[in-house]
file run.csv (CSV, N, CA and C atoms)
chain,number,residue,atom,x,y,z
A,1,MET,N,61.5,16.6,-140.0
A,1,MET,CA,61.6,15.6,-141.0
A,1,MET,C,60.2,15.5,-141.7
A,2,LEU,N,60.2,15.8,-143.0
A,2,LEU,CA,59.0,15.8,-143.8
A,2,LEU,C,58.8,14.4,-144.4
A,3,VAL,N,57.5,13.9,-144.4
A,3,VAL,CA,57.2,12.7,-145.0
A,3,VAL,C,56.0,12.8,-145.9
A,4,ARG,N,55.8,11.9,-146.8
A,4,ARG,CA,54.6,11.8,-147.7
A,4,ARG,C,54.0,10.4,-147.5
A,5,LEU,N,52.7,10.3,-147.2
A,5,LEU,CA,52.0,9.1,-147.0
A,5,LEU,C,50.9,9.0,-148.0
A,6,LEU,N,50.7,7.9,-148.6
A,6,LEU,CA,49.6,7.7,-149.6
A,6,LEU,C,48.9,6.5,-149.2
A,7,TYR,N,47.6,6.6,-149.1
A,7,TYR,CA,46.7,5.5,-148.7
A,7,TYR,C,45.4,5.5,-149.5
A,8,ALA,N,44.8,4.3,-149.5
A,8,ALA,CA,43.5,4.1,-150.1
A,8,ALA,C,42.5,3.6,-149.0
A,9,SER,N,41.3,4.0,-149.2
A,9,SER,CA,40.2,3.4,-148.3
A,9,SER,C,38.9,3.4,-149.1
A,10,ARG,N,37.9,2.7,-148.6
A,10,ARG,CA,36.6,2.7,-149.1
A,10,ARG,C,35.7,3.5,-148.2
A,11,ALA,N,34.8,4.3,-148.8
A,11,ALA,CA,33.9,5.2,-148.1
A,11,ALA,C,32.8,4.3,-147.5
A,12,VAL,N,32.4,4.5,-146.3
A,12,VAL,CA,31.3,3.8,-145.7
A,12,VAL,C,30.0,4.5,-146.1
A,13,ASP,N,30.0,5.8,-146.2
A,13,ASP,CA,28.9,6.6,-146.6
A,13,ASP,C,29.3,7.3,-147.9
A,14,THR,N,28.7,7.0,-149.0
A,14,THR,CA,29.2,7.6,-150.3
A,14,THR,C,28.4,8.9,-150.7
A,15,SER,N,27.6,9.4,-149.8
A,15,SER,CA,26.8,10.6,-150.1
A,15,SER,C,27.7,11.8,-150.3
A,16,SER,N,27.3,12.8,-151.0
A,16,SER,CA,28.1,14.0,-151.2
A,16,SER,C,28.3,14.7,-149.9
A,17,ASP,N,27.3,14.7,-149.0
A,17,ASP,CA,27.5,15.3,-147.7
A,17,ASP,C,28.6,14.7,-146.9
A,18,ALA,N,28.7,13.4,-146.9
A,18,ALA,CA,29.8,12.7,-146.2
A,18,ALA,C,31.1,13.0,-146.7
A,19,ILE,N,31.3,13.0,-148.1
A,19,ILE,CA,32.5,13.4,-148.7
A,19,ILE,C,32.9,14.8,-148.4
A,20,GLU,N,31.9,15.7,-148.5
A,20,GLU,CA,32.2,17.1,-148.2
A,20,GLU,C,32.6,17.3,-146.7
A,21,SER,N,32.0,16.5,-145.8
A,21,SER,CA,32.4,16.6,-144.4
A,21,SER,C,33.9,16.2,-144.2
A,22,ILE,N,34.3,15.2,-144.9
A,22,ILE,CA,35.7,14.8,-144.8
A,22,ILE,C,36.6,15.9,-145.3
A,23,LEU,N,36.3,16.5,-146.4
A,23,LEU,CA,37.1,17.6,-147.0
A,23,LEU,C,37.1,18.8,-146.0
A,24,HIS,N,35.9,19.1,-145.5
A,24,HIS,CA,35.8,20.3,-144.6
A,24,HIS,C,36.7,20.1,-143.4
A,25,GLN,N,36.6,18.9,-142.8
A,25,GLN,CA,37.4,18.6,-141.6
A,25,GLN,C,38.9,18.7,-141.9
A,26,SER,N,39.3,18.2,-143.1
A,26,SER,CA,40.7,18.2,-143.4
A,26,SER,C,41.2,19.7,-143.6
A,27,ARG,N,40.4,20.4,-144.3
A,27,ARG,CA,40.8,21.8,-144.6
A,27,ARG,C,40.8,22.7,-143.4
A,28,SER,N,40.0,22.4,-142.4
A,28,SER,CA,40.0,23.2,-141.2
A,28,SER,C,41.1,22.7,-140.2
A,29,HIS,N,41.4,21.4,-140.2
A,29,HIS,CA,42.4,20.9,-139.2
A,29,HIS,C,43.8,21.0,-139.8
A,30,ASN,N,44.0,20.8,-141.0
A,30,ASN,CA,45.4,20.7,-141.6
A,30,ASN,C,46.3,21.9,-141.5
A,31,PRO,N,45.8,23.1,-141.7
A,31,PRO,CA,46.7,24.3,-141.7
A,31,PRO,C,47.4,24.4,-140.3
A,32,GLY,N,46.7,24.2,-139.2
A,32,GLY,CA,47.3,24.3,-137.9
A,32,GLY,C,48.3,23.2,-137.6
A,33,SER,N,48.1,22.1,-138.2
A,33,SER,CA,49.1,21.0,-138.0
A,33,SER,C,50.2,20.9,-139.0
A,34,GLY,N,50.1,21.7,-140.0
A,34,GLY,CA,51.2,21.7,-141.0
A,34,GLY,C,51.0,20.6,-142.1
A,35,VAL,N,49.8,20.0,-142.2
A,35,VAL,CA,49.6,18.9,-143.2
A,35,VAL,C,49.1,19.5,-144.5
A,36,THR,N,49.6,19.1,-145.6
A,36,THR,CA,49.1,19.4,-146.9
A,36,THR,C,48.8,18.1,-147.6
A,37,GLY,N,48.1,18.2,-148.8
A,37,GLY,CA,47.8,17.0,-149.5
A,37,GLY,C,46.7,17.1,-150.5
A,38,VAL,N,46.3,16.0,-151.0
A,38,VAL,CA,45.2,15.9,-152.0
A,38,VAL,C,44.4,14.7,-151.8
A,39,LEU,N,43.1,14.8,-152.1
A,39,LEU,CA,42.2,13.7,-151.9
A,39,LEU,C,41.4,13.4,-153.2
A,40,CYS,N,41.5,12.2,-153.7
A,40,CYS,CA,40.7,11.8,-154.9
A,40,CYS,C,39.6,10.9,-154.4
A,41,TYR,N,38.5,11.1,-154.9
A,41,TYR,CA,37.3,10.2,-154.6
A,41,TYR,C,36.6,9.8,-155.8
A,42,GLY,N,36.4,8.5,-156.0
A,42,GLY,CA,35.6,8.0,-157.2
A,42,GLY,C,35.2,6.6,-156.9
A,43,GLY,N,34.0,6.3,-157.3
A,43,GLY,CA,33.5,4.9,-157.2
A,43,GLY,C,33.5,4.4,-155.8
A,44,GLY,N,33.4,5.2,-154.8
A,44,GLY,CA,33.4,4.8,-153.4
A,44,GLY,C,34.8,4.6,-152.8
A,45,ILE,N,35.8,5.0,-153.6
A,45,ILE,CA,37.2,4.8,-153.1
A,45,ILE,C,37.9,6.2,-152.9
A,46,PHE,N,38.6,6.3,-151.8
A,46,PHE,CA,39.4,7.4,-151.6
A,46,PHE,C,40.9,7.1,-151.9
A,47,LEU,N,41.6,8.0,-152.5
A,47,LEU,CA,43.0,7.9,-152.6
A,47,LEU,C,43.5,9.3,-152.1
A,48,GLN,N,44.3,9.2,-151.0
A,48,GLN,CA,44.8,10.4,-150.4
A,48,GLN,C,46.3,10.5,-150.2
A,49,ALA,N,46.9,11.6,-150.5
A,49,ALA,CA,48.3,11.9,-150.2
A,49,ALA,C,48.3,12.9,-149.0
A,50,LEU,N,49.1,12.6,-148.0
A,50,LEU,CA,49.3,13.5,-146.9
A,50,LEU,C,50.8,13.8,-146.8
A,51,GLU,N,51.1,15.1,-146.6
A,51,GLU,CA,52.5,15.5,-146.4
A,51,GLU,C,52.6,16.4,-145.1
A,52,GLY,N,53.7,16.2,-144.4
A,52,GLY,CA,53.9,17.0,-143.2
A,52,GLY,C,55.0,16.3,-142.4
A,53,GLY,N,55.0,16.8,-141.1
A,53,GLY,CA,56.0,16.2,-140.2
A,53,GLY,C,55.7,14.7,-139.9
A,54,ARG,N,56.7,14.0,-139.6
A,54,ARG,CA,56.6,12.5,-139.5
A,54,ARG,C,55.6,12.1,-138.4
A,55,MET,N,55.7,12.7,-137.2
A,55,MET,CA,54.8,12.3,-136.2
A,55,MET,C,53.3,12.8,-136.5
A,56,THR,N,53.2,14.0,-137.0
A,56,THR,CA,51.9,14.5,-137.3
A,56,THR,C,51.2,13.6,-138.4
A,57,VAL,N,51.9,13.3,-139.4
A,57,VAL,CA,51.3,12.4,-140.5
A,57,VAL,C,51.0,11.0,-139.9
A,58,SER,N,51.9,10.5,-139.1
A,58,SER,CA,51.6,9.2,-138.6
A,58,SER,C,50.4,9.2,-137.7
A,59,GLU,N,50.2,10.2,-136.8
A,59,GLU,CA,49.1,10.3,-136.0
A,59,GLU,C,47.8,10.5,-136.8
A,60,LEU,N,47.9,11.3,-137.8
A,60,LEU,CA,46.7,11.5,-138.7
A,60,LEU,C,46.3,10.2,-139.4
A,61,TYR,N,47.3,9.5,-139.9
A,61,TYR,CA,46.9,8.2,-140.5
A,61,TYR,C,46.3,7.2,-139.5
A,62,GLY,N,46.8,7.2,-138.3
A,62,GLY,CA,46.2,6.3,-137.3
A,62,GLY,C,44.8,6.7,-137.0
A,63,HIS,N,44.5,8.0,-137.0
A,63,HIS,CA,43.1,8.5,-136.8
A,63,HIS,C,42.2,8.0,-138.0
A,64,ILE,N,42.8,8.1,-139.2
A,64,ILE,CA,42.0,7.7,-140.4
A,64,ILE,C,41.7,6.2,-140.3
A,65,GLN,N,42.6,5.4,-139.9
A,65,GLN,CA,42.4,4.0,-139.7
A,65,GLN,C,41.3,3.7,-138.8
A,66,ARG,N,41.1,4.5,-137.8
A,66,ARG,CA,40.0,4.3,-136.8
A,66,ARG,C,38.7,5.0,-137.1
A,67,ASP,N,38.7,5.9,-138.1
A,67,ASP,CA,37.6,6.7,-138.5
A,67,ASP,C,36.5,5.8,-139.1
A,68,ALA,N,35.3,5.9,-138.5
A,68,ALA,CA,34.2,5.0,-139.0
A,68,ALA,C,33.7,5.4,-140.4
A,69,ARG,N,34.2,6.5,-140.9
A,69,ARG,CA,33.8,6.8,-142.3
A,69,ARG,C,34.6,6.1,-143.4
A,70,HIS,N,35.7,5.4,-142.9
A,70,HIS,CA,36.6,4.7,-143.8
A,70,HIS,C,36.6,3.2,-143.5
A,71,LYS,N,36.7,2.4,-144.5
A,71,LYS,CA,37.0,0.9,-144.3
A,71,LYS,C,38.0,0.5,-145.3
A,72,ASP,N,38.6,-0.7,-145.1
A,72,ASP,CA,39.6,-1.2,-146.0
A,72,ASP,C,40.8,-0.2,-146.2
A,73,VAL,N,41.2,0.4,-145.1
A,73,VAL,CA,42.3,1.4,-145.2
A,73,VAL,C,43.6,0.6,-145.5
A,74,VAL,N,44.3,1.0,-146.5
A,74,VAL,CA,45.6,0.4,-146.9
A,74,VAL,C,46.6,1.4,-147.2
A,75,LEU,N,47.8,1.2,-146.6
A,75,LEU,CA,49.0,2.1,-146.8
A,75,LEU,C,49.6,1.7,-148.2
A,76,LEU,N,49.7,2.7,-149.1
A,76,LEU,CA,50.2,2.4,-150.4
A,76,LEU,C,51.6,2.8,-150.6
A,77,HIS,N,52.0,3.9,-149.9
A,77,HIS,CA,53.3,4.4,-150.1
A,77,HIS,C,53.7,5.4,-148.9
A,78,TYR,N,54.9,5.3,-148.5
A,78,TYR,CA,55.4,6.2,-147.4
A,78,TYR,C,56.9,6.5,-147.7
A,79,GLU,N,57.2,7.8,-147.6
A,79,GLU,CA,58.6,8.1,-147.9
A,79,GLU,C,59.0,9.4,-147.1
A,80,GLU,N,60.2,9.5,-146.8
A,80,GLU,CA,60.8,10.8,-146.3
A,80,GLU,C,61.0,11.6,-147.5
A,81,ILE,N,60.7,12.9,-147.4
A,81,ILE,CA,60.8,13.8,-148.6
A,81,ILE,C,61.7,15.1,-148.2
A,82,ALA,N,62.3,15.6,-149.2
A,82,ALA,CA,63.1,16.9,-149.0
A,82,ALA,C,62.2,18.1,-149.1
A,83,GLU,N,61.1,17.9,-149.9
A,83,GLU,CA,60.2,19.1,-150.1
A,83,GLU,C,58.8,18.5,-150.4
A,84,ARG,N,57.8,19.3,-150.2
A,84,ARG,CA,56.4,18.9,-150.4
A,84,ARG,C,56.1,19.0,-151.9
A,85,ARG,N,55.3,18.1,-152.4
A,85,ARG,CA,54.8,18.2,-153.7
A,85,ARG,C,53.4,18.8,-153.8
A,86,PHE,N,52.7,18.7,-152.7
A,86,PHE,CA,51.3,19.3,-152.7
A,86,PHE,C,51.2,20.4,-151.7
A,87,ALA,N,52.2,21.3,-151.6
A,87,ALA,CA,52.3,22.3,-150.6
A,87,ALA,C,51.2,23.4,-150.7
A,88,GLY,N,50.7,23.5,-151.9
A,88,GLY,CA,49.7,24.5,-152.2
A,88,GLY,C,48.3,24.2,-151.7
A,89,TRP,N,48.1,23.0,-151.2
A,89,TRP,CA,46.8,22.5,-150.8
A,89,TRP,C,46.7,22.1,-149.4
A,90,THR,N,45.8,22.7,-148.6
A,90,THR,CA,45.5,22.2,-147.3
A,90,THR,C,44.8,20.9,-147.4
A,91,MET,N,44.0,20.7,-148.4
A,91,MET,CA,43.5,19.4,-148.9
A,91,MET,C,42.9,19.7,-150.3
A,92,GLY,N,43.7,19.4,-151.3
A,92,GLY,CA,43.1,19.6,-152.7
A,92,GLY,C,42.1,18.4,-152.9
A,93,GLU,N,41.3,18.7,-153.9
A,93,GLU,CA,40.3,17.7,-154.2
A,93,GLU,C,40.3,17.4,-155.7
A,94,VAL,N,40.1,16.2,-156.1
A,94,VAL,CA,40.0,15.8,-157.5
A,94,VAL,C,38.6,15.3,-157.8
A,95,ASN,N,37.9,15.9,-158.7
A,95,ASN,CA,36.6,15.5,-159.1
A,95,ASN,C,36.8,14.4,-160.2
A,96,MET,N,36.7,13.1,-159.8
A,96,MET,CA,37.0,12.0,-160.7
A,96,MET,C,36.0,11.9,-161.8
A,97,THR,N,34.8,12.5,-161.6
A,97,THR,CA,33.8,12.4,-162.7
A,97,THR,C,34.2,13.3,-163.9
A,98,ARG,N,35.1,14.2,-163.7
A,98,ARG,CA,35.5,15.1,-164.8
A,98,ARG,C,36.8,14.8,-165.4
A,99,ILE,N,37.4,13.7,-164.9
A,99,ILE,CA,38.7,13.3,-165.4
A,99,ILE,C,38.6,12.6,-166.8
A,100,ASN,N,39.5,12.9,-167.7
A,100,ASN,CA,39.5,12.3,-169.0
A,100,ASN,C,39.9,10.8,-168.7
A,101,ALA,N,39.1,9.9,-169.3
A,101,ALA,CA,39.3,8.5,-169.1
A,101,ALA,C,40.7,8.0,-169.5
A,102,SER,N,41.3,8.7,-170.5
A,102,SER,CA,42.6,8.3,-171.0
A,102,SER,C,43.7,8.5,-169.9
A,103,ILE,N,43.5,9.4,-169.0
A,103,ILE,CA,44.5,9.6,-167.9
A,103,ILE,C,44.4,8.4,-167.0
A,104,LEU,N,43.2,7.9,-166.7
A,104,LEU,CA,43.1,6.8,-165.8
A,104,LEU,C,43.6,5.5,-166.5
A,105,LEU,N,43.3,5.4,-167.8
A,105,LEU,CA,43.8,4.2,-168.5
A,105,LEU,C,45.3,4.1,-168.6
A,106,LYS,N,45.9,5.3,-168.5
A,106,LYS,CA,47.4,5.3,-168.6
A,106,LYS,C,48.0,4.5,-167.4
A,107,TYR,N,47.3,4.5,-166.3
A,107,TYR,CA,47.8,3.9,-165.0
A,107,TYR,C,47.1,2.7,-164.6
A,108,ALA,N,46.0,2.2,-165.2
A,108,ALA,CA,45.2,1.1,-164.7
A,108,ALA,C,44.6,0.3,-165.9
A,109,GLU,N,44.1,-0.8,-165.6
A,109,GLU,CA,43.5,-1.7,-166.6
A,109,GLU,C,42.1,-1.1,-167.1
A,110,LYS,N,41.4,-0.4,-166.2
A,110,LYS,CA,40.1,0.1,-166.6
A,110,LYS,C,40.1,1.6,-166.2
A,111,PRO,N,39.3,2.4,-166.9
A,111,PRO,CA,39.2,3.9,-166.7
A,111,PRO,C,38.5,4.2,-165.4
A,112,GLU,N,39.0,3.7,-164.3
A,112,GLU,CA,38.4,4.0,-163.0
A,112,GLU,C,39.4,4.1,-161.9
A,113,LEU,N,39.1,4.8,-160.8
A,113,LEU,CA,40.1,4.9,-159.7
A,113,LEU,C,40.0,3.6,-158.9
A,114,ASP,N,41.2,2.9,-159.0
A,114,ASP,CA,41.3,1.6,-158.2
A,114,ASP,C,42.7,1.5,-157.7
A,115,PRO,N,43.1,2.2,-156.6
A,115,PRO,CA,44.4,2.1,-156.1
A,115,PRO,C,44.7,0.7,-155.5
A,116,TYR,N,43.7,-0.1,-155.3
A,116,TYR,CA,43.9,-1.4,-154.7
A,116,TYR,C,44.5,-2.4,-155.7
A,117,SER,N,44.4,-2.0,-157.0
A,117,SER,CA,44.9,-2.9,-158.0
A,117,SER,C,46.3,-2.5,-158.7
A,118,VAL,N,46.8,-1.4,-158.2
A,118,VAL,CA,48.1,-0.9,-158.7
A,118,VAL,C,49.0,-0.6,-157.5
A,119,SER,N,50.3,-0.4,-157.9
A,119,SER,CA,51.3,-0.1,-156.8
A,119,SER,C,51.1,1.3,-156.3
A,120,GLY,N,51.7,1.6,-155.1
A,120,GLY,CA,51.7,2.9,-154.6
A,120,GLY,C,52.4,3.9,-155.5
A,121,GLN,N,53.5,3.5,-156.1
A,121,GLN,CA,54.2,4.3,-157.1
A,121,GLN,C,53.3,4.8,-158.2
A,122,VAL,N,52.5,3.8,-158.7
A,122,VAL,CA,51.6,4.1,-159.8
A,122,VAL,C,50.5,5.1,-159.4
A,123,SER,N,50.0,4.9,-158.2
A,123,SER,CA,49.0,5.8,-157.6
A,123,SER,C,49.6,7.2,-157.4
A,124,LEU,N,50.8,7.3,-157.0
A,124,LEU,CA,51.5,8.6,-156.8
A,124,LEU,C,51.7,9.3,-158.2
A,125,ALA,N,52.1,8.5,-159.2
A,125,ALA,CA,52.2,9.0,-160.5
A,125,ALA,C,50.9,9.6,-161.1
A,126,LEU,N,49.8,8.9,-160.8
A,126,LEU,CA,48.5,9.4,-161.2
A,126,LEU,C,48.2,10.7,-160.6
A,127,LEU,N,48.5,10.9,-159.3
A,127,LEU,CA,48.3,12.1,-158.6
A,127,LEU,C,49.1,13.2,-159.2
A,128,GLU,N,50.4,12.9,-159.5
A,128,GLU,CA,51.3,13.9,-160.2
A,128,GLU,C,50.7,14.3,-161.5
A,129,GLU,N,50.2,13.4,-162.3
A,129,GLU,CA,49.6,13.8,-163.6
A,129,GLU,C,48.3,14.6,-163.4
A,130,LEU,N,47.5,14.3,-162.4
A,130,LEU,CA,46.3,15.1,-162.1
A,130,LEU,C,46.7,16.5,-161.7
A,131,MET,N,47.8,16.6,-161.0
A,131,MET,CA,48.2,17.9,-160.6
A,131,MET,C,48.7,18.7,-161.8
A,132,ALA,N,49.5,18.0,-162.7
A,132,ALA,CA,50.1,18.6,-163.9
A,132,ALA,C,49.0,19.1,-164.9
A,133,THR,N,47.9,18.4,-164.9
A,133,THR,CA,46.8,18.7,-165.8
A,133,THR,C,45.7,19.6,-165.2
A,134,ALA,N,46.1,20.2,-164.0
A,134,ALA,CA,45.2,21.1,-163.3
A,134,ALA,C,43.8,20.5,-162.9
A,135,SER,N,43.9,19.2,-162.6
A,135,SER,CA,42.6,18.5,-162.3
A,135,SER,C,42.3,18.6,-160.8
A,136,ILE,N,43.3,19.1,-160.0
A,136,ILE,CA,43.1,19.3,-158.6
A,136,ILE,C,42.5,20.6,-158.3
A,137,ILE,N,41.4,20.7,-157.5
A,137,ILE,CA,40.8,21.9,-157.1
A,137,ILE,C,40.8,22.1,-155.6
A,138,GLY,N,40.4,23.2,-155.1
A,138,GLY,CA,40.3,23.4,-153.7
A,138,GLY,C,41.6,23.9,-153.1
A,139,ARG,N,42.4,24.7,-153.8
A,139,ARG,CA,43.6,25.2,-153.3
A,139,ARG,C,43.2,26.2,-152.2
A,140,ALA,N,43.9,26.0,-151.0
A,140,ALA,CA,43.5,26.8,-149.9
A,140,ALA,C,44.8,27.1,-149.1
call {"tool": "encode", "arguments": {"input": "run.csv", "output": "structure tokens"}}
result
Amino acid sequence: MLVRLLYASRAVDTSSDAIESILHQSRSHNPGSGVTGVLCYGGGIFLQALEGGRMTVSELYGHIQRDARHKDVVLLHYEEIAERRFAGWTMGEVNMTRINASILLKYAEKPELDPYSVSGQVSLALLEELMATASIIGRA
């Protein structure tokens, strides 16, 4: 049974080394566990979609909730899926500093990443558009 989970959190350490460490850990761990997804980071906020087996994704989300690098972890969306949407990424990355502000304004009140102020469906739609506009990097 495949599932997709979308969550938001705030970074405890906003340095580029800390963000790179999270991406590196995801990219090294995820292939062996069958997890795919994408991570957006901007303004101290993470928006991450995880796809994979139900138990694996649930366990990973539990680990993220306990991870000292994250705070204010919030589940935005969870669904059973027939197929993966982010299958090409062990953990894709979106550089939010290079995103056209009009894309963000399409989904939020201000041109910034703030999944705390919109629904999970809206956050998922934003990820879909970022993927459609080739804004996701780090295909592995």
call {"tool": "residues_around", "arguments": {"input": "run.csv", "residues": "Val118 of chain A", "least_positions_apart": "3", "cutoff": "10 Å", "atoms": "only C-alpha atoms", "output": "list of chain:residue names"}}
result
A:Leu76, A:Tyr107, A:Ala108, A:Glu109, A:Leu113, A:Asp114, A:Pro115, A:Gln121, A:Val122, A:Ser123
call {"tool": "select_by_dssp", "arguments": {"input": "run.csv", "residues": "chain A", "states": "strand (DSSP E)", "output": "short mmCIF file (atom, residue, chain, number, x, y, z; two decimals) with N, CA and C atoms, in the coordinates of the input"}}
result
data_model
loop_
_atom_site.label_atom_id
_atom_site.label_comp_id
_atom_site.auth_asym_id
_atom_site.auth_seq_id
_atom_site.Cartn_x
_atom_site.Cartn_y
_atom_site.Cartn_z
N LEU A 2 60.20 15.80 -143.00
CA LEU A 2 59.00 15.80 -143.80
C LEU A 2 58.80 14.40 -144.40
N VAL A 3 57.50 13.90 -144.40
CA VAL A 3 57.20 12.70 -145.00
C VAL A 3 56.00 12.80 -145.90
N ARG A 4 55.80 11.90 -146.80
CA ARG A 4 54.60 11.80 -147.70
C ARG A 4 54.00 10.40 -147.50
N LEU A 5 52.70 10.30 -147.20
CA LEU A 5 52.00 9.10 -147.00
C LEU A 5 50.90 9.00 -148.00
N LEU A 6 50.70 7.90 -148.60
CA LEU A 6 49.60 7.70 -149.60
C LEU A 6 48.90 6.50 -149.20
N TYR A 7 47.60 6.60 -149.10
CA TYR A 7 46.70 5.50 -148.70
C TYR A 7 45.40 5.50 -149.50
N ALA A 8 44.80 4.30 -149.50
CA ALA A 8 43.50 4.10 -150.10
C ALA A 8 42.50 3.60 -149.00
N SER A 9 41.30 4.00 -149.20
CA SER A 9 40.20 3.40 -148.30
C SER A 9 38.90 3.40 -149.10
N ARG A 10 37.90 2.70 -148.60
CA ARG A 10 36.60 2.70 -149.10
C ARG A 10 35.70 3.50 -148.20
N ALA A 11 34.80 4.30 -148.80
CA ALA A 11 33.90 5.20 -148.10
C ALA A 11 32.80 4.30 -147.50
N THR A 36 49.60 19.10 -145.60
CA THR A 36 49.10 19.40 -146.90
C THR A 36 48.80 18.10 -147.60
N GLY A 37 48.10 18.20 -148.80
CA GLY A 37 47.80 17.00 -149.50
C GLY A 37 46.70 17.10 -150.50
N VAL A 38 46.30 16.00 -151.00
CA VAL A 38 45.20 15.90 -152.00
C VAL A 38 44.40 14.70 -151.80
N LEU A 39 43.10 14.80 -152.10
CA LEU A 39 42.20 13.70 -151.90
C LEU A 39 41.40 13.40 -153.20
N CYS A 40 41.50 12.20 -153.70
CA CYS A 40 40.70 11.80 -154.90
C CYS A 40 39.60 10.90 -154.40
N TYR A 41 38.50 11.10 -154.90
CA TYR A 41 37.30 10.20 -154.60
C TYR A 41 36.60 9.80 -155.80
N GLY A 42 36.40 8.50 -156.00
CA GLY A 42 35.60 8.00 -157.20
C GLY A 42 35.20 6.60 -156.90
N ILE A 45 35.80 5.00 -153.60
CA ILE A 45 37.20 4.80 -153.10
C ILE A 45 37.90 6.20 -152.90
N PHE A 46 38.60 6.30 -151.80
CA PHE A 46 39.40 7.40 -151.60
C PHE A 46 40.90 7.10 -151.90
N LEU A 47 41.60 8.00 -152.50
CA LEU A 47 43.00 7.90 -152.60
C LEU A 47 43.50 9.30 -152.10
N GLN A 48 44.30 9.20 -151.00
CA GLN A 48 44.80 10.40 -150.40
C GLN A 48 46.30 10.50 -150.20
N ALA A 49 46.90 11.60 -150.50
CA ALA A 49 48.30 11.90 -150.20
C ALA A 49 48.30 12.90 -149.00
N LEU A 50 49.10 12.60 -148.00
CA LEU A 50 49.30 13.50 -146.90
C LEU A 50 50.80 13.80 -146.80
N GLU A 51 51.10 15.10 -146.60
CA GLU A 51 52.50 15.50 -146.40
C GLU A 51 52.60 16.40 -145.10
N GLY A 52 53.70 16.20 -144.40
CA GLY A 52 53.90 17.00 -143.20
C GLY A 52 55.00 16.30 -142.40
N GLY A 53 55.00 16.80 -141.10
CA GLY A 53 56.00 16.20 -140.20
C GLY A 53 55.70 14.70 -139.90
N HIS A 70 35.70 5.40 -142.90
CA HIS A 70 36.60 4.70 -143.80
C HIS A 70 36.60 3.20 -143.50
N LYS A 71 36.70 2.40 -144.50
CA LYS A 71 37.00 0.90 -144.30
C LYS A 71 38.00 0.50 -145.30
N ASP A 72 38.60 -0.70 -145.10
CA ASP A 72 39.60 -1.20 -146.00
C ASP A 72 40.80 -0.20 -146.20
N VAL A 73 41.20 0.40 -145.10
CA VAL A 73 42.30 1.40 -145.20
C VAL A 73 43.60 0.60 -145.50
N VAL A 74 44.30 1.00 -146.50
CA VAL A 74 45.60 0.40 -146.90
C VAL A 74 46.60 1.40 -147.20
N LEU A 75 47.80 1.20 -146.60
CA LEU A 75 49.00 2.10 -146.80
C LEU A 75 49.60 1.70 -148.20
N LEU A 76 49.70 2.70 -149.10
CA LEU A 76 50.20 2.40 -150.40
C LEU A 76 51.60 2.80 -150.60
N HIS A 77 52.00 3.90 -149.90
CA HIS A 77 53.30 4.40 -150.10
C HIS A 77 53.70 5.40 -148.90
N TYR A 78 54.90 5.30 -148.50
CA TYR A 78 55.40 6.20 -147.40
C TYR A 78 56.90 6.50 -147.70
N GLU A 79 57.20 7.80 -147.60
CA GLU A 79 58.60 8.10 -147.90
C GLU A 79 59.00 9.40 -147.10
N GLU A 80 60.20 9.50 -146.80
CA GLU A 80 60.80 10.80 -146.30
C GLU A 80 61.00 11.60 -147.50
N ILE A 81 60.70 12.90 -147.40
CA ILE A 81 60.80 13.80 -148.60
C ILE A 81 61.70 15.10 -148.20
N GLY A 92 43.70 19.40 -151.30
CA GLY A 92 43.10 19.60 -152.70
C GLY A 92 42.10 18.40 -152.90
N GLU A 93 41.30 18.70 -153.90
CA GLU A 93 40.30 17.70 -154.20
C GLU A 93 40.30 17.40 -155.70
N VAL A 94 40.10 16.20 -156.10
CA VAL A 94 40.00 15.80 -157.50
C VAL A 94 38.60 15.30 -157.80
N ASN A 95 37.90 15.90 -158.70
CA ASN A 95 36.60 15.50 -159.10
C ASN A 95 36.80 14.40 -160.20
N ILE A 136 43.30 19.10 -160.00
CA ILE A 136 43.10 19.30 -158.60
C ILE A 136 42.50 20.60 -158.30
N ILE A 137 41.40 20.70 -157.50
CA ILE A 137 40.80 21.90 -157.10
C ILE A 137 40.80 22.10 -155.60
#
call {"tool": "atom_distance", "arguments": {"input": "run.csv", "atom1": "atom C of Ala101 of chain A", "atom2": "atom C of Gly44 of chain A"}}
result
18.0 Å
call {"tool": "atom_distance", "arguments": {"input": "run.csv", "atom1": "atom N of Val94 of chain A", "atom2": "atom N of Gly42 of chain A"}}
result
8.5 Å
call {"tool": "closest_residue", "arguments": {"input": "run.csv", "among": "A:Gly34, A:Gly52, A:Gly43, A:Gly62", "to": "Arg10 of chain A", "atoms": "all atoms listed in the file"}}
result
A:Gly43
call {"tool": "atom_distance", "arguments": {"input": "run.csv", "atom1": "atom CA of Thr14 of chain A", "atom2": "atom CA of Arg98 of chain A"}}
result
17.5 Å
call {"tool": "closest_residue", "arguments": {"input": "run.csv", "among": "A:Leu126, A:Met131, A:Val35, A:Cys40", "to": "Val57 of chain A", "atoms": "only N, CA and C atoms"}}
result
A:Val35
call {"tool": "closest_residue", "arguments": {"input": "run.csv", "among": "A:Ser21, A:Ser33, A:Asn100, A:Ser16", "to": "Leu50 of chain A", "atoms": "only C-alpha atoms"}}
result
A:Ser33
call {"tool": "closest_residue", "arguments": {"input": "run.csv", "among": "A:Ala11, A:Leu127, A:Val38, A:Met55", "to": "Glu80 of chain A", "atoms": "only C-alpha atoms"}}
result
A:Met55
call {"tool": "closest_residue", "arguments": {"input": "run.csv", "among": "A:His77, A:Arg54, A:Lys71, A:Lys106", "to": "Leu124 of chain A", "atoms": "all atoms listed in the file"}}
result
A:His77
call {"tool": "select_by_dssp", "arguments": {"input": "run.csv", "residues": "segment 47-78 of chain A", "states": "alpha helix (DSSP H)", "output": "list in words"}}
result
Arg54, Met55, Thr56, Val57, Ser58, Glu59, Leu60, Tyr61, Gly62, His63, Ile64, Gln65 and Arg66 of chain A
call {"tool": "residues_around", "arguments": {"input": "run.csv", "residues": "Leu6 of chain A", "least_positions_apart": "5", "cutoff": "7 Å", "atoms": "all atoms listed in the file", "output": "PyMOL selection string"}}
result
chain A and resi 47-50+74-79
call {"tool": "closest_residue", "arguments": {"input": "run.csv", "among": "A:Ala18, A:Ile45, A:Ile99, A:Ala82", "to": "Arg4 of chain A", "atoms": "only C-alpha atoms"}}
result
A:Ala82
